[in-house]
$ cat structure-v8.txt   # compact mmCIF, N, CA and C atoms
# COMPACT_ATOMS: atom_id res chain seq x y z
N MET R 1284 -4.76 -15.04 23.80
CA MET R 1284 -4.51 -14.73 22.40
C MET R 1284 -5.55 -13.69 21.97
N SER R 1285 -5.07 -12.62 21.32
CA SER R 1285 -5.98 -11.56 20.90
C SER R 1285 -6.79 -11.98 19.69
N GLY R 1286 -7.82 -11.18 19.37
CA GLY R 1286 -8.66 -11.47 18.22
C GLY R 1286 -7.86 -11.53 16.92
N LEU R 1287 -6.93 -10.59 16.73
CA LEU R 1287 -6.11 -10.58 15.52
C LEU R 1287 -5.23 -11.82 15.44
N GLU R 1288 -4.67 -12.23 16.57
CA GLU R 1288 -3.84 -13.44 16.58
C GLU R 1288 -4.68 -14.67 16.23
N ASN R 1289 -5.93 -14.72 16.70
CA ASN R 1289 -6.82 -15.84 16.35
C ASN R 1289 -7.09 -15.86 14.85
N VAL R 1290 -7.33 -14.68 14.27
CA VAL R 1290 -7.57 -14.60 12.83
C VAL R 1290 -6.34 -15.06 12.06
N LEU R 1291 -5.15 -14.58 12.45
CA LEU R 1291 -3.92 -14.98 11.77
C LEU R 1291 -3.67 -16.48 11.90
N ALA R 1292 -3.96 -17.05 13.06
CA ALA R 1292 -3.81 -18.50 13.23
C ALA R 1292 -4.75 -19.25 12.31
N SER R 1293 -5.98 -18.77 12.15
CA SER R 1293 -6.94 -19.40 11.23
C SER R 1293 -6.47 -19.28 9.79
N VAL R 1294 -5.98 -18.10 9.42
CA VAL R 1294 -5.47 -17.89 8.07
C VAL R 1294 -4.28 -18.81 7.83
N GLY R 1295 -3.39 -18.92 8.80
CA GLY R 1295 -2.23 -19.80 8.69
C GLY R 1295 -2.63 -21.25 8.47
N ARG R 1296 -3.62 -21.72 9.21
CA ARG R 1296 -4.10 -23.10 9.03
C ARG R 1296 -4.68 -23.29 7.63
N TRP R 1297 -5.41 -22.27 7.13
CA TRP R 1297 -6.00 -22.37 5.80
C TRP R 1297 -4.89 -22.42 4.73
N ILE R 1298 -3.88 -21.56 4.87
CA ILE R 1298 -2.76 -21.55 3.90
C ILE R 1298 -2.02 -22.89 3.94
N GLU R 1299 -1.76 -23.40 5.13
CA GLU R 1299 -1.08 -24.69 5.24
C GLU R 1299 -1.87 -25.80 4.55
N ALA R 1300 -3.19 -25.80 4.73
CA ALA R 1300 -4.02 -26.86 4.16
C ALA R 1300 -4.24 -26.71 2.66
N ASN R 1301 -4.23 -25.49 2.14
CA ASN R 1301 -4.62 -25.26 0.75
C ASN R 1301 -3.50 -24.77 -0.16
N VAL R 1302 -2.42 -24.25 0.40
CA VAL R 1302 -1.32 -23.73 -0.42
C VAL R 1302 -0.04 -24.54 -0.20
N CYS R 1303 0.27 -24.87 1.03
CA CYS R 1303 1.49 -25.63 1.34
C CYS R 1303 1.23 -27.12 1.16
N VAL R 1304 0.94 -27.51 -0.07
CA VAL R 1304 0.51 -28.88 -0.34
C VAL R 1304 1.59 -29.74 -0.99
N ASP R 1305 2.74 -29.16 -1.28
CA ASP R 1305 3.86 -29.93 -1.82
C ASP R 1305 4.84 -30.23 -0.69
N THR R 1306 5.80 -31.11 -0.95
CA THR R 1306 6.83 -31.42 0.03
C THR R 1306 8.09 -30.68 -0.37
N VAL R 1307 8.55 -29.79 0.51
CA VAL R 1307 9.76 -29.03 0.23
C VAL R 1307 10.88 -29.49 1.15
N ARG R 1308 12.09 -29.25 0.69
CA ARG R 1308 13.27 -29.66 1.45
C ARG R 1308 14.18 -28.44 1.60
N ILE R 1309 14.66 -28.21 2.81
CA ILE R 1309 15.64 -27.17 3.09
C ILE R 1309 16.91 -27.88 3.55
N SER R 1310 18.02 -27.65 2.87
CA SER R 1310 19.29 -28.24 3.28
C SER R 1310 20.36 -27.17 3.40
N ARG R 1311 21.25 -27.39 4.32
CA ARG R 1311 22.35 -26.46 4.55
C ARG R 1311 23.60 -27.06 3.91
N PRO R 1312 24.23 -26.32 2.98
CA PRO R 1312 25.44 -26.84 2.34
C PRO R 1312 26.52 -27.15 3.36
N ALA R 1313 27.18 -28.29 3.16
CA ALA R 1313 28.25 -28.70 4.06
C ALA R 1313 29.47 -27.81 3.88
N ALA R 1314 30.17 -27.61 4.96
CA ALA R 1314 31.40 -26.82 4.92
C ALA R 1314 32.58 -27.77 5.02
N GLY R 1315 33.68 -27.35 4.50
CA GLY R 1315 34.89 -28.15 4.64
C GLY R 1315 35.37 -28.70 3.32
N PRO R 1316 36.61 -29.13 3.32
CA PRO R 1316 37.20 -29.65 2.10
C PRO R 1316 36.73 -31.08 1.81
N PRO R 1317 36.93 -31.54 0.57
CA PRO R 1317 36.57 -32.92 0.26
C PRO R 1317 37.48 -33.88 1.02
N VAL R 1318 36.98 -35.09 1.23
CA VAL R 1318 37.72 -36.12 1.95
C VAL R 1318 37.90 -37.31 1.01
N TYR R 1319 39.09 -37.89 1.00
CA TYR R 1319 39.38 -39.02 0.12
C TYR R 1319 38.65 -40.26 0.63
N ASN R 1320 37.94 -40.94 -0.27
CA ASN R 1320 37.25 -42.19 0.05
C ASN R 1320 38.03 -43.31 -0.61
N PRO R 1321 38.72 -44.14 0.19
CA PRO R 1321 39.54 -45.21 -0.41
C PRO R 1321 38.70 -46.27 -1.13
N ASP R 1322 37.43 -46.43 -0.77
CA ASP R 1322 36.58 -47.43 -1.43
C ASP R 1322 36.28 -47.06 -2.88
N THR R 1323 36.09 -45.75 -3.13
CA THR R 1323 35.75 -45.30 -4.48
C THR R 1323 36.95 -44.70 -5.20
N GLY R 1324 38.00 -44.36 -4.43
CA GLY R 1324 39.16 -43.71 -5.03
C GLY R 1324 38.89 -42.26 -5.41
N GLN R 1325 37.82 -41.69 -4.88
CA GLN R 1325 37.43 -40.32 -5.22
C GLN R 1325 37.43 -39.44 -3.97
N ASN R 1326 37.64 -38.15 -4.21
CA ASN R 1326 37.42 -37.17 -3.15
C ASN R 1326 35.93 -36.90 -3.07
N GLU R 1327 35.38 -36.88 -1.88
CA GLU R 1327 33.95 -36.67 -1.70
C GLU R 1327 33.73 -35.51 -0.74
N TYR R 1328 32.81 -34.64 -1.13
CA TYR R 1328 32.46 -33.53 -0.25
C TYR R 1328 31.53 -34.02 0.84
N PRO R 1329 31.59 -33.41 2.02
CA PRO R 1329 30.66 -33.80 3.09
C PRO R 1329 29.21 -33.60 2.62
N LEU R 1330 28.32 -34.39 3.15
CA LEU R 1330 26.91 -34.29 2.78
C LEU R 1330 26.28 -33.04 3.38
N ASP R 1331 25.32 -32.48 2.65
CA ASP R 1331 24.57 -31.35 3.17
C ASP R 1331 23.76 -31.80 4.38
N THR R 1332 23.41 -30.86 5.24
CA THR R 1332 22.60 -31.16 6.42
C THR R 1332 21.14 -30.86 6.10
N LEU R 1333 20.27 -31.84 6.29
CA LEU R 1333 18.84 -31.65 6.08
C LEU R 1333 18.28 -30.85 7.25
N ILE R 1334 17.69 -29.69 6.95
CA ILE R 1334 17.12 -28.82 7.99
C ILE R 1334 15.63 -29.08 8.14
N TYR R 1335 14.95 -29.30 7.00
CA TYR R 1335 13.49 -29.47 7.03
C TYR R 1335 13.05 -30.21 5.79
N GLU R 1336 12.12 -31.10 5.96
CA GLU R 1336 11.41 -31.71 4.83
C GLU R 1336 9.97 -31.88 5.28
N GLY R 1337 9.08 -31.19 4.58
CA GLY R 1337 7.68 -31.25 4.97
C GLY R 1337 6.84 -30.35 4.09
N PRO R 1338 5.64 -30.04 4.54
CA PRO R 1338 4.72 -29.23 3.73
C PRO R 1338 5.28 -27.85 3.44
N GLY R 1339 5.04 -27.39 2.23
CA GLY R 1339 5.47 -26.06 1.84
C GLY R 1339 5.05 -25.77 0.41
N ALA R 1340 5.45 -24.61 -0.07
CA ALA R 1340 5.15 -24.20 -1.44
C ALA R 1340 6.25 -23.28 -1.92
N VAL R 1341 6.58 -23.39 -3.20
CA VAL R 1341 7.50 -22.46 -3.85
C VAL R 1341 6.67 -21.71 -4.87
N GLN R 1342 6.69 -20.39 -4.76
CA GLN R 1342 5.91 -19.55 -5.68
C GLN R 1342 6.82 -18.57 -6.37
N GLY R 1343 6.60 -18.40 -7.67
CA GLY R 1343 7.36 -17.43 -8.44
C GLY R 1343 6.76 -16.05 -8.29
N GLY R 1344 7.58 -15.05 -8.57
CA GLY R 1344 7.09 -13.68 -8.56
C GLY R 1344 6.13 -13.46 -9.71
N THR R 1345 5.27 -12.50 -9.57
CA THR R 1345 4.27 -12.26 -10.61
C THR R 1345 4.51 -10.96 -11.34
N ALA R 1346 5.41 -10.14 -10.86
CA ALA R 1346 5.62 -8.82 -11.48
C ALA R 1346 6.96 -8.81 -12.21
N GLN R 1347 6.99 -8.18 -13.35
CA GLN R 1347 8.23 -8.05 -14.11
C GLN R 1347 9.28 -7.33 -13.28
N SER R 1348 8.86 -6.46 -12.37
CA SER R 1348 9.80 -5.72 -11.54
C SER R 1348 10.55 -6.63 -10.57
N GLU R 1349 10.07 -7.87 -10.42
CA GLU R 1349 10.76 -8.79 -9.52
C GLU R 1349 11.94 -9.47 -10.19
N MET R 1350 12.20 -9.15 -11.45
CA MET R 1350 13.38 -9.66 -12.15
C MET R 1350 14.37 -8.52 -12.22
N SER R 1351 15.59 -8.74 -11.81
CA SER R 1351 16.60 -7.69 -11.90
C SER R 1351 17.88 -8.28 -12.47
N ALA R 1352 18.61 -7.47 -13.18
CA ALA R 1352 19.88 -7.90 -13.74
C ALA R 1352 21.00 -7.42 -12.82
N VAL R 1353 21.88 -8.35 -12.47
CA VAL R 1353 22.99 -8.01 -11.59
C VAL R 1353 24.26 -8.62 -12.14
N PRO R 1354 25.41 -8.03 -11.87
CA PRO R 1354 26.67 -8.64 -12.30
C PRO R 1354 26.87 -9.97 -11.58
N ASP R 1355 27.40 -10.94 -12.29
CA ASP R 1355 27.67 -12.25 -11.72
C ASP R 1355 29.05 -12.68 -12.23
N ALA R 1356 30.01 -12.78 -11.34
CA ALA R 1356 31.38 -13.07 -11.75
C ALA R 1356 31.52 -14.43 -12.41
N GLY R 1357 30.59 -15.34 -12.19
CA GLY R 1357 30.67 -16.67 -12.77
C GLY R 1357 30.14 -16.77 -14.19
N GLN R 1358 29.66 -15.69 -14.75
CA GLN R 1358 29.08 -15.72 -16.08
C GLN R 1358 29.99 -15.02 -17.09
N MET R 1359 29.81 -15.38 -18.36
CA MET R 1359 30.62 -14.79 -19.41
C MET R 1359 30.13 -13.39 -19.77
N TRP R 1360 28.97 -13.00 -19.33
CA TRP R 1360 28.44 -11.68 -19.62
C TRP R 1360 28.07 -11.02 -18.30
N ILE R 1361 27.89 -9.74 -18.34
CA ILE R 1361 27.68 -8.99 -17.11
C ILE R 1361 26.26 -9.10 -16.59
N GLN R 1362 25.26 -9.07 -17.46
CA GLN R 1362 23.88 -9.03 -17.00
C GLN R 1362 23.32 -10.45 -16.82
N GLU R 1363 23.09 -10.84 -15.60
CA GLU R 1363 22.46 -12.12 -15.27
C GLU R 1363 21.23 -11.81 -14.44
N THR R 1364 20.12 -12.40 -14.78
CA THR R 1364 18.90 -12.08 -14.05
C THR R 1364 18.83 -12.84 -12.74
N ARG R 1365 18.14 -12.27 -11.80
CA ARG R 1365 17.78 -12.96 -10.57
C ARG R 1365 16.31 -13.25 -10.65
N SER R 1366 15.96 -14.48 -10.38
CA SER R 1366 14.56 -14.90 -10.44
C SER R 1366 13.98 -14.87 -9.04
N ARG R 1367 13.05 -14.01 -8.81
CA ARG R 1367 12.47 -13.86 -7.48
C ARG R 1367 11.40 -14.92 -7.24
N TYR R 1368 11.62 -15.70 -6.23
CA TYR R 1368 10.65 -16.71 -5.78
C TYR R 1368 10.48 -16.53 -4.29
N ARG R 1369 9.51 -17.23 -3.73
CA ARG R 1369 9.35 -17.24 -2.28
C ARG R 1369 8.95 -18.64 -1.83
N LEU R 1370 9.46 -19.00 -0.68
CA LEU R 1370 9.15 -20.28 -0.05
C LEU R 1370 8.15 -20.00 1.05
N LEU R 1371 7.06 -20.75 1.06
CA LEU R 1371 6.08 -20.66 2.14
C LEU R 1371 6.17 -21.95 2.96
N THR R 1372 6.33 -21.80 4.26
CA THR R 1372 6.36 -22.95 5.16
C THR R 1372 5.55 -22.62 6.41
N PRO R 1373 5.08 -23.65 7.10
CA PRO R 1373 4.36 -23.39 8.36
C PRO R 1373 5.28 -22.70 9.37
N LEU R 1374 4.70 -21.97 10.29
CA LEU R 1374 5.49 -21.29 11.32
C LEU R 1374 6.24 -22.27 12.21
N THR R 1375 5.79 -23.52 12.24
CA THR R 1375 6.45 -24.53 13.06
C THR R 1375 7.70 -25.10 12.40
N ALA R 1376 7.90 -24.82 11.11
CA ALA R 1376 9.08 -25.31 10.39
C ALA R 1376 10.30 -24.50 10.82
N PRO R 1377 11.49 -25.10 10.77
CA PRO R 1377 12.69 -24.33 11.10
C PRO R 1377 12.87 -23.16 10.12
N ILE R 1378 13.51 -22.12 10.57
CA ILE R 1378 13.76 -20.95 9.73
C ILE R 1378 14.95 -21.25 8.82
N ALA R 1379 14.74 -21.08 7.52
CA ALA R 1379 15.84 -21.24 6.57
C ALA R 1379 16.85 -20.12 6.79
N ALA R 1380 18.13 -20.46 6.71
CA ALA R 1380 19.20 -19.46 6.84
C ALA R 1380 19.61 -18.97 5.46
N LYS R 1381 20.25 -17.82 5.41
CA LYS R 1381 20.77 -17.32 4.14
C LYS R 1381 21.68 -18.38 3.54
N ASP R 1382 21.55 -18.60 2.24
CA ASP R 1382 22.34 -19.55 1.46
C ASP R 1382 21.93 -21.01 1.64
N ASP R 1383 20.87 -21.30 2.41
CA ASP R 1383 20.35 -22.67 2.43
C ASP R 1383 19.79 -22.99 1.04
N ILE R 1384 19.78 -24.27 0.72
CA ILE R 1384 19.29 -24.72 -0.59
C ILE R 1384 17.89 -25.30 -0.40
N ILE R 1385 16.98 -24.86 -1.26
CA ILE R 1385 15.59 -25.31 -1.18
C ILE R 1385 15.28 -26.09 -2.45
N SER R 1386 14.60 -27.21 -2.29
CA SER R 1386 14.15 -27.99 -3.44
C SER R 1386 12.76 -28.52 -3.13
N VAL R 1387 12.07 -28.95 -4.18
CA VAL R 1387 10.75 -29.54 -4.01
C VAL R 1387 10.92 -31.05 -4.15
N ALA R 1388 10.63 -31.79 -3.09
CA ALA R 1388 10.82 -33.23 -3.08
C ALA R 1388 9.65 -33.97 -3.71
N ALA R 1389 8.45 -33.43 -3.60
CA ALA R 1389 7.26 -34.08 -4.17
C ALA R 1389 6.20 -33.01 -4.42
N VAL R 1390 5.47 -33.19 -5.52
CA VAL R 1390 4.38 -32.26 -5.85
C VAL R 1390 3.05 -32.97 -5.71
N HIS R 1391 2.04 -32.23 -5.31
CA HIS R 1391 0.71 -32.82 -5.14
C HIS R 1391 0.01 -33.00 -6.48
N ASN R 1392 0.42 -32.22 -7.48
CA ASN R 1392 -0.23 -32.24 -8.79
C ASN R 1392 0.82 -32.58 -9.85
N PRO R 1393 0.66 -33.67 -10.59
CA PRO R 1393 1.65 -34.04 -11.60
C PRO R 1393 1.89 -32.94 -12.64
N ALA R 1394 0.95 -32.03 -12.82
CA ALA R 1394 1.14 -30.94 -13.77
C ALA R 1394 2.21 -29.96 -13.29
N ASN R 1395 2.56 -30.02 -12.01
CA ASN R 1395 3.59 -29.13 -11.45
C ASN R 1395 4.96 -29.80 -11.38
N ALA R 1396 5.15 -30.88 -12.14
CA ALA R 1396 6.41 -31.64 -12.07
C ALA R 1396 7.62 -30.80 -12.50
N ALA R 1397 7.41 -29.67 -13.15
CA ALA R 1397 8.53 -28.80 -13.54
C ALA R 1397 9.27 -28.26 -12.32
N LEU R 1398 8.66 -28.32 -11.14
CA LEU R 1398 9.34 -27.88 -9.92
C LEU R 1398 10.41 -28.88 -9.48
N LEU R 1399 10.23 -30.14 -9.84
CA LEU R 1399 11.17 -31.18 -9.42
C LEU R 1399 12.48 -31.02 -10.19
N GLY R 1400 13.58 -31.20 -9.51
CA GLY R 1400 14.88 -31.09 -10.15
C GLY R 1400 15.46 -29.68 -10.13
N ARG R 1401 14.68 -28.71 -9.76
CA ARG R 1401 15.19 -27.34 -9.64
C ARG R 1401 15.61 -27.10 -8.19
N SER R 1402 16.43 -26.09 -8.01
CA SER R 1402 16.78 -25.71 -6.64
C SER R 1402 16.85 -24.20 -6.55
N TRP R 1403 16.67 -23.71 -5.36
CA TRP R 1403 16.68 -22.28 -5.07
C TRP R 1403 17.61 -22.05 -3.90
N ILE R 1404 18.11 -20.84 -3.80
CA ILE R 1404 18.97 -20.48 -2.68
C ILE R 1404 18.25 -19.40 -1.86
N ALA R 1405 18.27 -19.56 -0.56
CA ALA R 1405 17.64 -18.57 0.31
C ALA R 1405 18.46 -17.28 0.26
N GLN R 1406 17.83 -16.19 -0.13
CA GLN R 1406 18.53 -14.91 -0.24
C GLN R 1406 18.77 -14.29 1.13
N ASP R 1407 17.89 -14.55 2.04
CA ASP R 1407 17.95 -14.02 3.40
C ASP R 1407 17.32 -15.07 4.30
N PRO R 1408 17.50 -14.93 5.61
CA PRO R 1408 16.78 -15.84 6.51
C PRO R 1408 15.27 -15.68 6.31
N GLY R 1409 14.50 -16.69 6.70
CA GLY R 1409 13.05 -16.58 6.64
C GLY R 1409 12.60 -15.32 7.35
N ARG R 1410 11.65 -14.64 6.76
CA ARG R 1410 11.19 -13.38 7.34
C ARG R 1410 10.49 -13.64 8.67
N ALA R 1411 10.57 -12.66 9.53
CA ALA R 1411 9.92 -12.75 10.83
C ALA R 1411 9.18 -11.44 11.08
N ALA R 1412 8.07 -11.53 11.75
CA ALA R 1412 7.27 -10.35 12.06
C ALA R 1412 6.55 -10.58 13.38
N THR R 1413 6.03 -9.50 13.94
CA THR R 1413 5.30 -9.65 15.19
C THR R 1413 4.03 -10.44 15.02
N LEU R 1414 3.37 -10.27 13.88
CA LEU R 1414 2.15 -11.01 13.58
C LEU R 1414 2.35 -11.75 12.26
N GLU R 1415 2.23 -13.07 12.30
CA GLU R 1415 2.46 -13.88 11.10
C GLU R 1415 1.37 -14.94 10.96
N ALA R 1416 1.11 -15.30 9.72
CA ALA R 1416 0.21 -16.42 9.45
C ALA R 1416 0.99 -17.59 8.86
N ILE R 1417 2.05 -17.28 8.13
CA ILE R 1417 2.87 -18.30 7.44
C ILE R 1417 4.28 -17.73 7.33
N ARG R 1418 5.28 -18.60 7.26
CA ARG R 1418 6.66 -18.12 7.11
C ARG R 1418 6.96 -17.94 5.62
N ILE R 1419 7.56 -16.81 5.27
CA ILE R 1419 7.94 -16.50 3.90
C ILE R 1419 9.45 -16.32 3.84
N THR R 1420 10.10 -17.04 2.92
CA THR R 1420 11.55 -16.93 2.74
C THR R 1420 11.81 -16.51 1.30
N PRO R 1421 12.52 -15.40 1.08
CA PRO R 1421 12.83 -14.98 -0.29
C PRO R 1421 13.89 -15.91 -0.91
N LEU R 1422 13.66 -16.27 -2.16
CA LEU R 1422 14.53 -17.22 -2.86
C LEU R 1422 15.00 -16.66 -4.20
N ASP R 1423 16.11 -17.19 -4.68
CA ASP R 1423 16.58 -16.95 -6.04
C ASP R 1423 16.84 -18.33 -6.63
N GLN R 1424 16.33 -18.56 -7.84
CA GLN R 1424 16.51 -19.87 -8.46
C GLN R 1424 17.97 -20.06 -8.85
N ASN R 1425 18.53 -21.23 -8.52
CA ASN R 1425 19.88 -21.55 -8.98
C ASN R 1425 19.83 -21.70 -10.49
N GLN R 1426 20.77 -21.08 -11.17
CA GLN R 1426 20.78 -21.14 -12.63
C GLN R 1426 21.36 -22.48 -13.09
N ALA R 1427 20.68 -23.10 -14.03
CA ALA R 1427 21.15 -24.36 -14.60
C ALA R 1427 22.39 -24.09 -15.44
N PRO R 1428 23.34 -25.02 -15.46
CA PRO R 1428 24.51 -24.81 -16.33
C PRO R 1428 24.07 -24.77 -17.79
N ARG R 1429 24.71 -23.94 -18.54
CA ARG R 1429 24.37 -23.81 -19.95
C ARG R 1429 25.03 -24.89 -20.77
N GLU R 1430 24.29 -25.41 -21.74
CA GLU R 1430 24.80 -26.46 -22.62
C GLU R 1430 25.76 -25.86 -23.63
N ALA R 1431 26.82 -26.60 -23.96
CA ALA R 1431 27.73 -26.14 -25.02
C ALA R 1431 27.05 -26.31 -26.36
N THR R 1432 27.20 -25.33 -27.24
CA THR R 1432 26.57 -25.42 -28.55
C THR R 1432 27.59 -25.63 -29.63
$ encode --input "structure-v8.txt" --output "structure tokens"
Amino acid sequence: MSGLENVLASVGRWIEANVCVDTVRISRPAAGPPVYNPDTGQNEYPLDTLIYEGPGAVQGGTAQSEMSAVPDAGQMWIQETRSRYRLLTPLTAPIAAKDDIISVAAVHNPANAALLGRSWIAQDPGRAATLEAIRITPLDQNQAPREAT
């Protein structure tokens, strides 16, 4: 292992110990049509597949330039913002695929409880590089449904 690789491994261990302190979950949405459940009398969609649950962190963007307005066919208006976030996970964690759903299962600090109940969608697969200290996956926050007024 070269000197630079040793430094990156040390930095990665430090980030894992000091930044990736919450429990994150990566799930892959199930494919296929709903299936009728005779016990409940309801159609039920297949369960999502759990890809990873373990140490990680979800961080929001810090620059106004990381917010962009894009058309969204599901909205009543044309301009819908995209919220730029990033998921940090250890290099040993599986790589999130595009469209995987990310959530925070537990927070280390009760003051960060606002992360619970939210979900994000992976915009692209987890980034990869020749030299890495931590895995970074770009995210967009799933928009909460709007309340009727």
$ residues_around --input "structure-v8.txt" --residues "Ile1334 in chain R" --least-positions-apart "3" --cutoff "10 Å" --atoms "only C-alpha atoms" --output "mmCIF file with N, CA and C atoms, in the frame of the given file"
data_model
loop_
_atom_site.group_PDB
_atom_site.id
_atom_site.type_symbol
_atom_site.label_atom_id
_atom_site.label_comp_id
_atom_site.auth_asym_id
_atom_site.auth_seq_id
_atom_site.Cartn_x
_atom_site.Cartn_y
_atom_site.Cartn_z
ATOM 1 N N ARG R 1308 12.090 -29.250 0.690
ATOM 2 C CA ARG R 1308 13.270 -29.660 1.450
ATOM 3 C C ARG R 1308 14.180 -28.440 1.600
ATOM 4 N N ILE R 1309 14.660 -28.210 2.810
ATOM 5 C CA ILE R 1309 15.640 -27.170 3.090
ATOM 6 C C ILE R 1309 16.910 -27.880 3.550
ATOM 7 N N SER R 1310 18.020 -27.650 2.870
ATOM 8 C CA SER R 1310 19.290 -28.240 3.280
ATOM 9 C C SER R 1310 20.360 -27.170 3.400
ATOM 10 N N ARG R 1311 21.250 -27.390 4.320
ATOM 11 C CA ARG R 1311 22.350 -26.460 4.550
ATOM 12 C C ARG R 1311 23.600 -27.060 3.910
ATOM 13 N N ASP R 1331 25.320 -32.480 2.650
ATOM 14 C CA ASP R 1331 24.570 -31.350 3.170
ATOM 15 C C ASP R 1331 23.760 -31.800 4.380
ATOM 16 N N ALA R 1376 7.900 -24.820 11.110
ATOM 17 C CA ALA R 1376 9.080 -25.310 10.390
ATOM 18 C C ALA R 1376 10.300 -24.500 10.820
ATOM 19 N N PRO R 1377 11.490 -25.100 10.770
ATOM 20 C CA PRO R 1377 12.690 -24.330 11.100
ATOM 21 C C PRO R 1377 12.870 -23.160 10.120
ATOM 22 N N ILE R 1378 13.510 -22.120 10.570
ATOM 23 C CA ILE R 1378 13.760 -20.950 9.730
ATOM 24 C C ILE R 1378 14.950 -21.250 8.820
ATOM 25 N N ALA R 1379 14.740 -21.080 7.520
ATOM 26 C CA ALA R 1379 15.840 -21.240 6.570
ATOM 27 C C ALA R 1379 16.850 -20.120 6.790
ATOM 28 N N ALA R 1380 18.130 -20.460 6.710
ATOM 29 C CA ALA R 1380 19.200 -19.460 6.840
ATOM 30 C C ALA R 1380 19.610 -18.970 5.460
ATOM 31 N N ASP R 1383 20.870 -21.300 2.410
ATOM 32 C CA ASP R 1383 20.350 -22.670 2.430
ATOM 33 C C ASP R 1383 19.790 -22.990 1.040
ATOM 34 N N ILE R 1384 19.780 -24.270 0.720
ATOM 35 C CA ILE R 1384 19.290 -24.720 -0.590
ATOM 36 C C ILE R 1384 17.890 -25.300 -0.400
ATOM 37 N N ILE R 1385 16.980 -24.860 -1.260
ATOM 38 C CA ILE R 1385 15.590 -25.310 -1.180
ATOM 39 C C ILE R 1385 15.280 -26.090 -2.450
#
$ residues_around --input "structure-v8.txt" --residues "range 1284-1300 of chain R" --least-positions-apart "6" --cutoff "8 Å" --atoms "only C-alpha atoms" --output "list in words"
Pro1338, Gly1339, Thr1372, Pro1373, Leu1414, Glu1415, Ala1416 and Ile1417 of chain R
$ axis_aligned_box --input "structure-v8.txt" --around "range 1321-1325 of chain R" --padding-each-side "6 Å" --output "AutoDock Vina command-line options"
--center_x 37.6 --center_y -43.4 --center_z -2.6 --size_x 15.8 --size_y 20.0 --size_z 17.6
$ residues_around --input "structure-v8.txt" --residues "Ala1314 in chain R" --least-positions-apart "5" --cutoff "8 Å" --atoms "only N, CA and C atoms" --output "ChimeraX atom specification"
/R:1328-1332
$ select_by_dssp --input "structure-v8.txt" --residues "chain R" --states "strand (DSSP E)" --output "JSON, numbers by chain"
{"R": [1305, 1306, 1307, 1308, 1309, 1310, 1311, 1318, 1319, 1320, 1325, 1326, 1327, 1332, 1333, 1334, 1335, 1336, 1337, 1338, 1339, 1340, 1341, 1342, 1343, 1350, 1351, 1352, 1353, 1363, 1364, 1365, 1366, 1367, 1368, 1369, 1370, 1371, 1372, 1384, 1385, 1386, 1387, 1388, 1389, 1402, 1403, 1404, 1405, 1418, 1419, 1420, 1421, 1422, 1423, 1424]}
$ select_by_dssp --input "structure-v8.txt" --residues "chain R" --states "helix (DSSP H, G or I)" --output "PyMOL selection string"
chain R and resi 1286-1301+1347-1349+1393-1398
$ atom_distance --input "structure-v8.txt" --atom1 "atom N of Arg1418 in chain R" --atom2 "CA of His1391 in chain R"
19.4 Å
$ atom_distance --input "structure-v8.txt" --atom1 "CA of Arg1401 in chain R" --atom2 "CA of Ile1419 in chain R"
18.8 Å
